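Here is the file my_file-v5.pdb (PDB, N, CA and C atoms and all ligand atoms).
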MODEL        1
ATOM      1  N   MET A   1       0.837  -1.181   0.000
ATOM      2  CA  MET A   1       0.000   0.000   0.000
ATOM      3  C   MET A   1       0.879   1.240   0.000
ATOM      4  N   LYS A   2       0.515   2.208  -0.833
ATOM      5  CA  LYS A   2       1.306   3.436  -0.979
ATOM      6  C   LYS A   2       0.987   4.397   0.162
ATOM      7  N   ASN A   3       2.043   4.968   0.736
ATOM      8  CA  ASN A   3       1.850   5.957   1.789
ATOM      9  C   ASN A   3       1.606   7.323   1.173
ATOM     10  N   ILE A   4       0.672   8.051   1.712
ATOM     11  CA  ILE A   4       0.363   9.400   1.238
ATOM     12  C   ILE A   4       1.022  10.383   2.189
ATOM     13  N   THR A   5       1.752  11.331   1.597
ATOM     14  CA  THR A   5       2.394  12.334   2.445
ATOM     15  C   THR A   5       1.349  13.349   2.906
ATOM     16  N   ARG A   6       1.707  14.043   3.952
ATOM     17  CA  ARG A   6       0.814  15.084   4.471
ATOM     18  C   ARG A   6       0.562  16.157   3.411
ATOM     19  N   ARG A   7       1.615  16.493   2.650
ATOM     20  CA  ARG A   7       1.481  17.509   1.598
ATOM     21  C   ARG A   7       0.492  17.042   0.521
ATOM     22  N   GLN A   8       0.586  15.761   0.131
ATOM     23  CA  GLN A   8      -0.334  15.238  -0.887
ATOM     24  C   GLN A   8      -1.766  15.259  -0.367
ATOM     25  N   LEU A   9      -1.943  14.912   0.901
ATOM     26  CA  LEU A   9      -3.283  14.891   1.494
ATOM     27  C   LEU A   9      -3.873  16.300   1.541
ATOM     28  N   LEU A  10      -3.059  17.275   1.945
ATOM     29  CA  LEU A  10      -3.537  18.662   2.002
ATOM     30  C   LEU A  10      -3.860  19.177   0.602
ATOM     31  N   GLY A  11      -3.033  18.818  -0.376
ATOM     32  CA  GLY A  11      -3.273  19.250  -1.761
ATOM     33  C   GLY A  11      -4.572  18.675  -2.297
ATOM     34  N   ALA A  12      -4.807  17.388  -2.038
ATOM     35  CA  ALA A  12      -6.032  16.755  -2.508
ATOM     36  C   ALA A  12      -7.251  17.354  -1.827
ATOM     37  N   THR A  13      -7.141  17.649  -0.539
ATOM     38  CA  THR A  13      -8.254  18.244   0.197
ATOM     39  C   THR A  13      -8.563  19.642  -0.333
ATOM     40  N   ALA A  14      -7.511  20.426  -0.575
ATOM     41  CA  ALA A  14      -7.713  21.786  -1.097
ATOM     42  C   ALA A  14      -8.367  21.733  -2.472
ATOM     43  N   THR A  15      -7.935  20.801  -3.308
ATOM     44  CA  THR A  15      -8.523  20.660  -4.645
ATOM     45  C   THR A  15     -10.005  20.319  -4.535
ATOM     46  N   ALA A  16     -10.344  19.417  -3.625
ATOM     47  CA  ALA A  16     -11.740  19.024  -3.452
ATOM     48  C   ALA A  16     -12.584  20.197  -2.965
ATOM     49  N   ILE A  17     -12.030  20.981  -2.037
ATOM     50  CA  ILE A  17     -12.766  22.126  -1.489
ATOM     51  C   ILE A  17     -13.011  23.170  -2.567
ATOM     52  N   VAL A  18     -12.015  23.408  -3.414
ATOM     53  CA  VAL A  18     -12.145  24.412  -4.469
ATOM     54  C   VAL A  18     -13.058  23.906  -5.585
ATOM     55  N   SER A  19     -12.991  22.628  -5.901
ATOM     56  CA  SER A  19     -13.726  22.074  -7.038
ATOM     57  C   SER A  19     -15.211  21.880  -6.772
ATOM     58  N   ALA A  20     -15.593  21.550  -5.552
ATOM     59  CA  ALA A  20     -16.986  21.203  -5.260
ATOM     60  C   ALA A  20     -17.975  22.306  -5.646
ATOM     61  N   PRO A  21     -17.753  23.565  -5.220
ATOM     62  CA  PRO A  21     -18.724  24.595  -5.610
ATOM     63  C   PRO A  21     -18.760  24.818  -7.118
ATOM     64  N   LEU A  22     -17.608  24.698  -7.776
ATOM     65  CA  LEU A  22     -17.542  24.889  -9.222
ATOM     66  C   LEU A  22     -18.347  23.801  -9.938
ATOM     67  N   LEU A  23     -18.186  22.573  -9.501
ATOM     68  CA  LEU A  23     -18.944  21.471 -10.112
ATOM     69  C   LEU A  23     -20.436  21.647  -9.865
ATOM     70  N   ASN A  24     -20.794  22.098  -8.671
ATOM     71  CA  ASN A  24     -22.202  22.344  -8.336
ATOM     72  C   ASN A  24     -22.782  23.414  -9.248
ATOM     73  N   LEU A  25     -22.009  24.488  -9.459
ATOM     74  CA  LEU A  25     -22.454  25.583 -10.318
ATOM     75  C   LEU A  25     -22.624  25.093 -11.753
ATOM     76  N   MET A  26     -21.664  24.300 -12.246
ATOM     77  CA  MET A  26     -21.747  23.775 -13.609
ATOM     78  C   MET A  26     -22.958  22.867 -13.754
ATOM     79  N   SER A  27     -23.218  22.070 -12.731
ATOM     80  CA  SER A  27     -24.360  21.164 -12.759
ATOM     81  C   SER A  27     -25.664  21.944 -12.815
ATOM     82  N   ARG A  28     -25.758  23.024 -12.009
ATOM     83  CA  ARG A  28     -26.986  23.827 -11.997
ATOM     84  C   ARG A  28     -27.175  24.549 -13.324
ATOM     85  N   SER A  29     -26.066  24.994 -13.960
ATOM     86  CA  SER A  29     -26.167  25.652 -15.262
ATOM     87  C   SER A  29     -26.700  24.686 -16.304
ATOM     88  N   ALA A  30     -26.213  23.445 -16.252
ATOM     89  CA  ALA A  30     -26.683  22.438 -17.204
ATOM     90  C   ALA A  30     -28.154  22.152 -16.976
ATOM     91  N   GLU A  31     -28.578  22.078 -15.706
ATOM     92  CA  GLU A  31     -29.990  21.852 -15.402
ATOM     93  C   GLU A  31     -30.839  22.994 -15.938
ATOM     94  N   ALA A  32     -30.381  24.232 -15.724
ATOM     95  CA  ALA A  32     -31.134  25.400 -16.177
ATOM     96  C   ALA A  32     -31.264  25.384 -17.692
ATOM     97  N   ALA A  33     -30.196  24.986 -18.393
ATOM     98  CA  ALA A  33     -30.232  24.957 -19.849
ATOM     99  C   ALA A  33     -31.198  23.899 -20.354
ATOM    100  N   ASP A  34     -31.433  22.854 -19.564
ATOM    101  CA  ASP A  34     -32.349  21.787 -19.955
ATOM    102  C   ASP A  34     -33.786  22.087 -19.570
ATOM    103  N   ALA A  35     -34.009  23.124 -18.800
ATOM    104  CA  ALA A  35     -35.360  23.434 -18.319
ATOM    105  C   ALA A  35     -36.271  23.790 -19.492
ATOM    106  N   PRO A  36     -37.552  23.430 -19.381
ATOM    107  CA  PRO A  36     -38.486  23.779 -20.459
ATOM    108  C   PRO A  36     -38.692  25.278 -20.556
ATOM    109  N   ARG A  37     -39.105  25.732 -21.711
ATOM    110  CA  ARG A  37     -39.367  27.153 -21.935
ATOM    111  C   ARG A  37     -40.771  27.503 -21.451
ATOM    112  N   VAL A  38     -40.909  28.698 -20.958
ATOM    113  CA  VAL A  38     -42.220  29.173 -20.523
ATOM    114  C   VAL A  38     -43.146  29.236 -21.736
ATOM    115  N   ASP A  39     -44.335  28.710 -21.562
ATOM    116  CA  ASP A  39     -45.355  28.806 -22.610
ATOM    117  C   ASP A  39     -46.129  30.105 -22.385
ATOM    118  N   PRO A  40     -46.120  31.016 -23.349
ATOM    119  CA  PRO A  40     -46.850  32.281 -23.164
ATOM    120  C   PRO A  40     -48.334  32.081 -22.874
ATOM    121  N   ASN A  41     -48.845  30.884 -23.148
ATOM    122  CA  ASN A  41     -50.256  30.603 -22.882
ATOM    123  C   ASN A  41     -50.499  30.014 -21.498
ATOM    124  N   ASP A  42     -49.423  29.767 -20.729
ATOM    125  CA  ASP A  42     -49.594  29.316 -19.341
ATOM    126  C   ASP A  42     -50.333  30.404 -18.568
ATOM    127  N   ALA A  43     -51.090  30.004 -17.557
ATOM    128  CA  ALA A  43     -51.891  30.965 -16.787
ATOM    129  C   ALA A  43     -51.021  32.077 -16.197
ATOM    130  N   GLN A  44     -49.895  31.697 -15.579
ATOM    131  CA  GLN A  44     -49.037  32.717 -14.959
ATOM    132  C   GLN A  44     -48.429  33.633 -16.015
ATOM    133  N   ALA A  45     -47.994  33.052 -17.129
ATOM    134  CA  ALA A  45     -47.409  33.856 -18.201
ATOM    135  C   ALA A  45     -48.443  34.836 -18.750
ATOM    136  N   LYS A  46     -49.673  34.356 -18.920
ATOM    137  CA  LYS A  46     -50.736  35.236 -19.422
ATOM    138  C   LYS A  46     -51.020  36.353 -18.418
ATOM    139  N   ALA A  47     -51.059  35.987 -17.138
ATOM    140  CA  ALA A  47     -51.346  36.991 -16.106
ATOM    141  C   ALA A  47     -50.304  38.103 -16.106
ATOM    142  N   LEU A  48     -49.073  37.751 -16.493
ATOM    143  CA  LEU A  48     -47.987  38.742 -16.515
ATOM    144  C   LEU A  48     -47.750  39.292 -17.921
ATOM    145  N   SER A  49     -48.611  38.907 -18.866
ATOM    146  CA  SER A  49     -48.490  39.362 -20.267
ATOM    147  C   SER A  49     -47.131  38.984 -20.863
ATOM    148  N   TYR A  50     -46.584  37.844 -20.421
ATOM    149  CA  TYR A  50     -45.266  37.425 -20.912
ATOM    150  C   TYR A  50     -45.309  37.121 -22.412
ATOM    151  N   VAL A  51     -44.282  37.591 -23.125
ATOM    152  CA  VAL A  51     -44.111  37.272 -24.552
ATOM    153  C   VAL A  51     -42.640  36.924 -24.807
ATOM    154  N   HIS A  52     -42.395  36.083 -25.806
ATOM    155  CA  HIS A  52     -41.018  35.702 -26.141
ATOM    156  C   HIS A  52     -40.262  36.853 -26.816
ATOM    157  N   GLN A  53     -40.992  37.781 -27.429
ATOM    158  CA  GLN A  53     -40.361  38.910 -28.110
ATOM    159  C   GLN A  53     -40.908  40.203 -27.505
ATOM    160  N   SER A  54     -40.058  40.933 -26.813
ATOM    161  CA  SER A  54     -40.501  42.151 -26.136
ATOM    162  C   SER A  54     -41.021  43.205 -27.113
ATOM    163  N   PRO A  55     -42.143  43.844 -26.772
ATOM    164  CA  PRO A  55     -42.628  44.949 -27.592
ATOM    165  C   PRO A  55     -41.867  46.242 -27.271
ATOM    166  N   LYS A  56     -41.033  46.197 -26.222
ATOM    167  CA  LYS A  56     -40.276  47.378 -25.794
ATOM    168  C   LYS A  56     -38.787  47.082 -25.988
ATOM    169  N   PRO A  57     -38.167  47.724 -26.989
ATOM    170  CA  PRO A  57     -36.784  47.393 -27.352
ATOM    171  C   PRO A  57     -35.768  47.457 -26.211
ATOM    172  N   ASP A  58     -35.998  48.333 -25.244
ATOM    173  CA  ASP A  58     -35.020  48.458 -24.157
ATOM    174  C   ASP A  58     -35.386  47.654 -22.911
ATOM    175  N   ASN A  59     -36.548  47.072 -22.908
ATOM    176  CA  ASN A  59     -37.005  46.289 -21.753
ATOM    177  C   ASN A  59     -37.057  44.819 -22.148
ATOM    178  N   LEU A  60     -36.007  44.110 -21.819
ATOM    179  CA  LEU A  60     -35.882  42.706 -22.205
ATOM    180  C   LEU A  60     -35.662  41.858 -20.963
ATOM    181  N   CYS A  61     -36.044  40.599 -21.049
ATOM    182  CA  CYS A  61     -35.751  39.697 -19.934
ATOM    183  C   CYS A  61     -34.253  39.719 -19.609
ATOM    184  N   SER A  62     -33.423  39.784 -20.639
ATOM    185  CA  SER A  62     -31.976  39.719 -20.428
ATOM    186  C   SER A  62     -31.422  40.910 -19.647
ATOM    187  N   ASN A  63     -32.179  42.016 -19.545
ATOM    188  CA  ASN A  63     -31.705  43.130 -18.709
ATOM    189  C   ASN A  63     -32.671  43.402 -17.549
ATOM    190  N   CYS A  64     -33.421  42.378 -17.194
ATOM    191  CA  CYS A  64     -34.370  42.464 -16.071
ATOM    192  C   CYS A  64     -33.695  41.972 -14.782
ATOM    193  N   GLN A  65     -34.034  42.588 -13.696
ATOM    194  CA  GLN A  65     -33.463  42.219 -12.395
ATOM    195  C   GLN A  65     -33.776  40.772 -12.009
ATOM    196  N   LEU A  66     -34.892  40.240 -12.487
ATOM    197  CA  LEU A  66     -35.324  38.901 -12.085
ATOM    198  C   LEU A  66     -34.766  37.792 -12.972
ATOM    199  N   TYR A  67     -34.037  38.168 -14.013
ATOM    200  CA  TYR A  67     -33.431  37.205 -14.939
ATOM    201  C   TYR A  67     -32.091  36.777 -14.364
ATOM    202  N   THR A  68     -31.857  35.479 -14.252
ATOM    203  CA  THR A  68     -30.620  35.009 -13.626
ATOM    204  C   THR A  68     -29.681  34.319 -14.607
ATOM    205  N   GLY A  69     -30.016  34.352 -15.889
ATOM    206  CA  GLY A  69     -29.133  33.754 -16.892
ATOM    207  C   GLY A  69     -28.097  34.762 -17.361
ATOM    208  N   PRO A  70     -27.135  34.303 -18.160
ATOM    209  CA  PRO A  70     -26.162  35.230 -18.733
ATOM    210  C   PRO A  70     -26.884  36.201 -19.673
ATOM    211  N   ALA A  71     -26.507  37.475 -19.661
ATOM    212  CA  ALA A  71     -27.194  38.500 -20.454
ATOM    213  C   ALA A  71     -27.204  38.162 -21.941
ATOM    214  N   GLU A  72     -26.165  37.476 -22.425
ATOM    215  CA  GLU A  72     -26.073  37.194 -23.850
ATOM    216  C   GLU A  72     -26.786  35.897 -24.259
ATOM    217  N   ALA A  73     -27.339  35.160 -23.282
ATOM    218  CA  ALA A  73     -27.989  33.880 -23.587
ATOM    219  C   ALA A  73     -29.351  34.098 -24.245
ATOM    220  N   GLU A  74     -29.706  33.204 -25.160
ATOM    221  CA  GLU A  74     -31.022  33.292 -25.814
ATOM    222  C   GLU A  74     -32.142  32.959 -24.837
ATOM    223  N   TRP A  75     -31.891  32.028 -23.927
ATOM    224  CA  TRP A  75     -32.878  31.593 -22.943
ATOM    225  C   TRP A  75     -32.216  31.504 -21.587
ATOM    226  N   GLY A  76     -32.980  31.770 -20.532
ATOM    227  CA  GLY A  76     -32.409  31.681 -19.197
ATOM    228  C   GLY A  76     -33.483  31.677 -18.135
ATOM    229  N   PRO A  77     -33.095  31.404 -16.906
ATOM    230  CA  PRO A  77     -34.053  31.334 -15.804
ATOM    231  C   PRO A  77     -34.530  32.706 -15.336
ATOM    232  N   CYS A  78     -35.734  32.725 -14.811
ATOM    233  CA  CYS A  78     -36.328  33.932 -14.240
ATOM    234  C   CYS A  78     -36.907  33.541 -12.883
ATOM    235  N   ALA A  79     -36.747  34.407 -11.911
ATOM    236  CA  ALA A  79     -37.219  34.111 -10.554
ATOM    237  C   ALA A  79     -38.739  33.915 -10.499
ATOM    238  N   LEU A  80     -39.460  34.468 -11.442
ATOM    239  CA  LEU A  80     -40.926  34.336 -11.431
ATOM    240  C   LEU A  80     -41.418  33.031 -12.047
ATOM    241  N   PHE A  81     -40.530  32.348 -12.772
ATOM    242  CA  PHE A  81     -40.909  31.093 -13.428
ATOM    243  C   PHE A  81     -39.902  30.003 -13.042
ATOM    244  N   PRO A  82     -39.926  29.570 -11.780
ATOM    245  CA  PRO A  82     -38.947  28.574 -11.340
ATOM    246  C   PRO A  82     -39.035  27.285 -12.162
ATOM    247  N   GLY A  83     -37.865  26.761 -12.522
ATOM    248  CA  GLY A  83     -37.811  25.501 -13.268
ATOM    249  C   GLY A  83     -38.066  25.669 -14.753
ATOM    250  N   LYS A  84     -38.209  26.906 -15.206
ATOM    251  CA  LYS A  84     -38.447  27.145 -16.635
ATOM    252  C   LYS A  84     -37.485  28.218 -17.127
ATOM    253  N   GLN A  85     -37.434  28.372 -18.439
ATOM    254  CA  GLN A  85     -36.589  29.401 -19.048
ATOM    255  C   GLN A  85     -37.458  30.422 -19.769
ATOM    256  N   VAL A  86     -37.031  31.655 -19.734
ATOM    257  CA  VAL A  86     -37.684  32.705 -20.501
ATOM    258  C   VAL A  86     -36.724  33.141 -21.604
ATOM    259  N   ALA A  87     -37.263  33.769 -22.615
ATOM    260  CA  ALA A  87     -36.428  34.236 -23.730
ATOM    261  C   ALA A  87     -35.641  35.468 -23.295
ATOM    262  N   GLY A  88     -34.371  35.516 -23.643
ATOM    263  CA  GLY A  88     -33.580  36.706 -23.336
ATOM    264  C   GLY A  88     -34.196  37.942 -23.967
ATOM    265  N   ALA A  89     -34.847  37.756 -25.113
ATOM    266  CA  ALA A  89     -35.491  38.872 -25.821
ATOM    267  C   ALA A  89     -36.938  39.067 -25.367
ATOM    268  N   GLY A  90     -37.362  38.269 -24.357
ATOM    269  CA  GLY A  90     -38.752  38.343 -23.901
ATOM    270  C   GLY A  90     -39.028  39.516 -22.972
ATOM    271  N   TRP A  91     -40.238  39.530 -22.478
ATOM    272  CA  TRP A  91     -40.662  40.616 -21.587
ATOM    273  C   TRP A  91     -41.930  40.183 -20.872
ATOM    274  N   CYS A  92     -42.155  40.755 -19.685
ATOM    275  CA  CYS A  92     -43.451  40.632 -19.015
ATOM    276  C   CYS A  92     -43.699  41.902 -18.205
ATOM    277  N   SER A  93     -44.905  42.011 -17.674
ATOM    278  CA  SER A  93     -45.296  43.250 -16.985
ATOM    279  C   SER A  93     -44.566  43.426 -15.641
ATOM    280  N   ALA A  94     -43.842  42.399 -15.190
ATOM    281  CA  ALA A  94     -43.090  42.519 -13.932
ATOM    282  C   ALA A  94     -41.653  42.984 -14.178
ATOM    283  N   TRP A  95     -41.349  43.338 -15.416
ATOM    284  CA  TRP A  95     -39.976  43.738 -15.761
ATOM    285  C   TRP A  95     -39.473  44.841 -14.834
ATOM    286  N   VAL A  96     -38.253  44.664 -14.339
ATOM    287  CA  VAL A  96     -37.591  45.666 -13.488
ATOM    288  C   VAL A  96     -36.166  45.799 -14.003
ATOM    289  N   LYS A  97     -35.735  47.008 -14.264
ATOM    290  CA  LYS A  97     -34.382  47.237 -14.791
ATOM    291  C   LYS A  97     -33.323  46.638 -13.875
ATOM    292  N   ARG A  98     -32.434  45.878 -14.471
ATOM    293  CA  ARG A  98     -31.331  45.272 -13.709
ATOM    294  C   ARG A  98     -30.433  46.378 -13.169
ATOM    295  N   ALA A  99     -30.102  46.288 -11.906
ATOM    296  CA  ALA A  99     -29.220  47.292 -11.292
ATOM    297  C   ALA A  99     -27.805  47.123 -11.834
ATOM    298  N   GLY A 100     -27.121  48.227 -11.952
ATOM    299  CA  GLY A 100     -25.716  48.190 -12.338
ATOM    300  C   GLY A 100     -25.565  48.045 -13.763
TER
HETATM  301  S1  LIG A 201     -39.744  39.120 -14.578
HETATM  302 FE1  LIG A 201     -40.674  39.169 -16.610
HETATM  303  S2  LIG A 201     -39.339  40.551 -17.795
HETATM  304 FE2  LIG A 201     -38.192  39.911 -15.967
HETATM  305  S3  LIG A 201     -37.010  38.109 -16.623
HETATM  306 FE3  LIG A 201     -38.907  37.365 -15.736
HETATM  307  S4  LIG A 201     -40.306  37.124 -17.477
HETATM  308 FE4  LIG A 201     -38.624  38.443 -18.154
ENDMDL
END
Would you mind writing the structure in this file as structure tokens?
Amino acid sequence: MKNITRRQLLGATATAIVSAPLLNLMSRSAEAADAPRVDPNDAQAKALSYVHQSPKPDNLCSNCQLYTGPAEAEWGPCALFPGKQVAGAGWCSAWVKRAG
């Protein structure tokens, strides 16, 4: 049986500590990308007047405070539609300008 030095053990532990959150984040991104798209005819989407193509050129899901996807992504998660994706070019009546 091979003996592990203290340095090797500390290095492996540090790698595991650094890697775990990154792997978790990558896993969640993959899950979000696989999520179904919001159907504009869903009751909640209708109640919020959600559309895949914003009628307001400067008010887009991709620059909304509630959008949690990358700004340049075509589709991404929104806090109002958990487990689903909205169009980056979409819009709804709950739109709030992203801070910063
Ligand atoms: S709140 Fe409305 S405008 Fe903002 S990201 Fe969600 S669906 Fe788009």
Output the residue selection produced by the PyMOL selection byres (((chain A and resi 38-46 and name CA) around 8) and not hetatm and name CA) on the file above, formatted as an mmCIF file with N, CA and C atoms, in the frame of the given file.
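To be explicit, this is the file written out as selection32.cif:
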data_model
loop_
_atom_site.group_PDB
_atom_site.id
_atom_site.type_symbol
_atom_site.label_atom_id
_atom_site.label_comp_id
_atom_site.auth_asym_id
_atom_site.auth_seq_id
_atom_site.Cartn_x
_atom_site.Cartn_y
_atom_site.Cartn_z
ATOM 1 N N PRO A 36 -37.552 23.430 -19.381
ATOM 2 C CA PRO A 36 -38.486 23.779 -20.459
ATOM 3 C C PRO A 36 -38.692 25.278 -20.556
ATOM 4 N N ARG A 37 -39.105 25.732 -21.711
ATOM 5 C CA ARG A 37 -39.367 27.153 -21.935
ATOM 6 C C ARG A 37 -40.771 27.503 -21.451
ATOM 7 N N ALA A 47 -51.059 35.987 -17.138
ATOM 8 C CA ALA A 47 -51.346 36.991 -16.106
ATOM 9 C C ALA A 47 -50.304 38.103 -16.106
ATOM 10 N N LEU A 48 -49.073 37.751 -16.493
ATOM 11 C CA LEU A 48 -47.987 38.742 -16.515
ATOM 12 C C LEU A 48 -47.750 39.292 -17.921
ATOM 13 N N SER A 49 -48.611 38.907 -18.866
ATOM 14 C CA SER A 49 -48.490 39.362 -20.267
ATOM 15 C C SER A 49 -47.131 38.984 -20.863
ATOM 16 N N TYR A 50 -46.584 37.844 -20.421
ATOM 17 C CA TYR A 50 -45.266 37.425 -20.912
ATOM 18 C C TYR A 50 -45.309 37.121 -22.412
ATOM 19 N N VAL A 51 -44.282 37.591 -23.125
ATOM 20 C CA VAL A 51 -44.111 37.272 -24.552
ATOM 21 C C VAL A 51 -42.640 36.924 -24.807
ATOM 22 N N HIS A 52 -42.395 36.083 -25.806
ATOM 23 C CA HIS A 52 -41.018 35.702 -26.141
ATOM 24 C C HIS A 52 -40.262 36.853 -26.816
ATOM 25 N N PHE A 81 -40.530 32.348 -12.772
ATOM 26 C CA PHE A 81 -40.909 31.093 -13.428
ATOM 27 C C PHE A 81 -39.902 30.003 -13.042
ATOM 28 N N LYS A 84 -38.209 26.906 -15.206
ATOM 29 C CA LYS A 84 -38.447 27.145 -16.635
ATOM 30 C C LYS A 84 -37.485 28.218 -17.127
ATOM 31 N N GLN A 85 -37.434 28.372 -18.439
ATOM 32 C CA GLN A 85 -36.589 29.401 -19.048
ATOM 33 C C GLN A 85 -37.458 30.422 -19.769
ATOM 34 N N VAL A 86 -37.031 31.655 -19.734
ATOM 35 C CA VAL A 86 -37.684 32.705 -20.501
ATOM 36 C C VAL A 86 -36.724 33.141 -21.604
ATOM 37 N N CYS A 92 -42.155 40.755 -19.685
ATOM 38 C CA CYS A 92 -43.451 40.632 -19.015
ATOM 39 C C CYS A 92 -43.699 41.902 -18.205
#
Let me have the centre and edge lengths in Å, one decimal, of the box along x, y and z around every listed atom of ligand LIG 201 (chain A) with 8 Å of margin on each side, as lines of an AutoDock Vina configuration file.
center_x = -38.8
center_y = 38.8
center_z = -16.4
size_x = 19.7
size_y = 19.4
size_z = 19.6
At a cut-off of 6 Å around ligand LIG 201 (chain A), and using all atoms listed in the file, what residues come up? Please write them as a PyMOL selection string.
chain A and resi 60-62+64-67+78-80+86+90-96
Suppose you want the space between atom N of Ala89 in chain A and atom C of Ala35 in chain A; what is it in Å?
15.1 Å
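The gap separating CA of Gly83 in chain A from CA of Lys97 in chain A is 22.1 Å, in Å to one decimal.
Atom pair atom N of Ala33 in chain A / CA of Asn59 in chain A has a distance of 22.6 Å (rounded to one decimal).
Between Gly76 in chain A and the residues A:Gly100, A:Asn63, A:Thr5, A:Gly88, the shortest atom-to-atom distance, using all atoms listed in the file, involves A:Gly88.
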DSSP on the backbone, then: every residue of range 32-96 of chain A marked alpha helix (DSSP H), written as a PyMOL selection string.
chain A and resi 32-34+43-47
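When DSSP reads the backbone of this structure, the residues of range 20-99 of chain A it assigns to strand (DSSP E) are Trp75, Gly76, Pro77, Gln85, Val86 and Ala87 of chain A.
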